[in-house]
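Structure first, then comments.
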Amino acid sequence: MMIWRRLPYSLLLLGLLSGCSWFDSKDEEVIKPAALKKIQSEVTLSALWTARVGAGAADKAIKLEPALSGGRIFAASADGAILAVQADTGNKVWSRDVRDLYAEADVDHAFAKDVDVITGGVGAGNDIVLVGTSAGEVLALYQSDGSIAWRAEVSSEVLAPPQILNQLVVAQAIDGSVTGLDAFTGEQRWRFSTSLPALTLRGTATPILRDDVVIAGFANGRVALIDPDRGVAAIDERVAAAKGRSDLERLIDIDGKMVFQSGRLYVASYQGRILAIDLNAGRPLWSEEASTTVGLGAGFGNVYLASVSDQITAFDMDNGRIQWELDDLLNRDLTTPVAIGSYLAVGDFEGYVHLIAQSDGRFVGRRRVDTKGLYTPTLVDGNRLYVMGNSGRLSAFEIQ
């Protein structure tokens, strides 16, 4: 878990949530990841192909998710590489280094040495590929050949994938602002800003775009429903309230994935709660205490939460009742649960992908896919999984 403090902008690492042992003082408790138990495999993850994208991120907060569009997978690495491959075969279509899109004199100004270049991505749609950079910009490349479509400055560093729908691109920055950009030109259409606490987790939630609303969660524990044409919040709902005296105790960031389904929004915060909101009726449906930094997945009428301790809980979408809980992966630094067919897929710090039955939470399969670990949620297409590992490799697997 990364923490970002304003005034000054210093970065701190709080290892309480890591899958590794961060404390070496004899006076501190050492948190150890759960040892993996032998399972009875019911399905297998068969490898299809692997493609090298670039170097892995030095910053754990950077989780560069691949995107699927037009039969191609678009992936990015923190060192500035963007790769397009055929989804079926893994054959390269094109590759680009975003630093080549800058004039030579501008590269050192835009990107400091030993700092990750691409920090947010990947978004795809309307024939463009989108990434956010540590320089506080959004870059749009044409899907066909990787040439630059446009480059737009936003308020600060972008850590979540920029999103696109129709003629609107939305990027959320680490300073608590959400910027709406024209999808064809990159011109700014609006900017929505919210105030942040003095101390926040290093990360942001990924905005959700719909025809009539932009949904964004913030480090102050609130979620806003923003008009996509004007950039004005129609609804501003509190998910969590800060408690305690210290800044650490009062952290309530919304950093993980949100779920929007059938007119309902499901959102969870750190040190707060999971909240279900009926957007059609404009009222909360249910809430339960929860704490997460990776957020939620959904399927089989359930919403799935991976907590800060890496317990996975299935909540009934309608009423919030717990359907099952899984404690066998505690402190393994899990990725966001992602539904694939009848299963959930989660990755961990050792690079394993675990397949879990949505019906009752039992393990049905497991495979180690990257020895350097997994930070990024898997991308699902039918019965295929696309996994971006910490080593900078993109791999495709099929459930059999």
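Identifiers for the structure tokens are assigned positionally: chains receive A, B, ... in sequence, residues are indexed from 1 per chain, and ligands are indexed from 1 in the order shown.
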
Subject >> Those in region 112-344 of chain A with strand (DSSP E or B) from DSSP, as a VMD selection string >> reply: chain A and resid 118 to 125 128 to 133 137 to 142 148 to 153 158 163 to 165 168 to 173 177 to 182 188 to 193 199 to 201 208 to 210 213 to 217 222 to 226 233 to 238 257 259 to 261 264 to 268 272 to 278 283 to 290 295 to 299 302 to 306 312 to 316 322 to 326 338 to 340 343 to 344

Quick one: residues within 10 Å of region 359-361 of chain A, only C-alpha atoms counted, chain neighbours fewer than 4 positions away excluded, as a PDB file with C-alpha atoms, in the first residue's frame?
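Listed below is the output, around_24.pdb:
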ATOM      1  CA  GLY A 299     -20.815 -12.214 -11.009  1.00  0.00           C
ATOM      2  CA  PHE A 300     -23.424 -14.878 -10.178  1.00  0.00           C
ATOM      3  CA  GLY A 301     -25.532 -12.242  -8.388  1.00  0.00           C
ATOM      4  CA  ASN A 302     -22.667 -11.503  -5.999  1.00  0.00           C
ATOM      5  CA  ILE A 312     -12.261 -12.717  -0.241  1.00  0.00           C
ATOM      6  CA  THR A 313     -15.937 -12.190   0.595  1.00  0.00           C
ATOM      7  CA  ALA A 314     -18.962 -12.762  -1.632  1.00  0.00           C
ATOM      8  CA  GLN A 323     -22.632 -15.884   0.701  1.00  0.00           C
ATOM      9  CA  TRP A 324     -19.169 -17.222   1.475  1.00  0.00           C
ATOM     10  CA  GLU A 325     -15.719 -16.164   2.672  1.00  0.00           C
ATOM     11  CA  LEU A 326     -12.269 -17.441   1.728  1.00  0.00           C
ATOM     12  CA  ASP A 327      -9.348 -17.048   4.157  1.00  0.00           C
ATOM     13  CA  SER A 342     -18.302 -19.755 -13.351  1.00  0.00           C
ATOM     14  CA  TYR A 343     -15.064 -18.751 -11.642  1.00  0.00           C
ATOM     15  CA  LEU A 344     -13.160 -15.872 -10.104  1.00  0.00           C
ATOM     16  CA  LEU A 355      -9.339 -19.847  -9.918  1.00  0.00           C
TER      17      LEU A 355
END

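The shortest atom-to-atom distance to Leu248 (chain A), with only C-alpha atoms taken into account, belongs to A:Ala198 out of A:Ile208, A:Leu285, A:Leu279, A:Ala198.
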
Original post:
With distances taken over only C-alpha atoms, which of A:Val107, A:Ala87, A:Met388, A:Val117 is nearest to Ala58 (chain A)?
Top reply: A:Val117

Subject >> Selected residue of minimal separation from Met258 (chain A) among A:Ala140, A:Ser46, A:Pro337, A:Ile399, counting only C-alpha atoms >> reply: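 Once distances to Met258 (chain A) are computed over only C-alpha atoms, the minimum belongs to A:Pro337.
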
Subject >> Counting only C-alpha atoms, the residue of A:Gly320, A:Gly217, A:Gly351, A:Gly80 that sits nearest Arg366 (chain A) >> reply: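 Between A:Gly320, A:Gly217, A:Gly351, A:Gly80, the residue approaching Arg366 (chain A) most closely is A:Gly351.
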
Original post:
If you count only C-alpha atoms, which residues fall within 7 Å of Ser156 (chain A), apart from same-chain ones fewer than 4 positions away, as a list in words?
Top reply: Gly136, Ala173, Ile174 and Asp175 of chain A

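Take CA of Ser287 (chain A) and CA of Leu334 (chain A): the distance between them is 22.7 Å.
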
**OP:** May I ask which of the residues A:Asn220, A:Ser69, A:Ser134, A:Ser309 is the closest one to Leu251 (chain A), counting only C-alpha atoms?
**Re:** A:Asn220

Original post:
Mind pulling up the distance from CA of Arg368 (chain A) to CA of Gly56 (chain A)?
Top reply: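 Between these atoms lies a distance of 17.2 Å.
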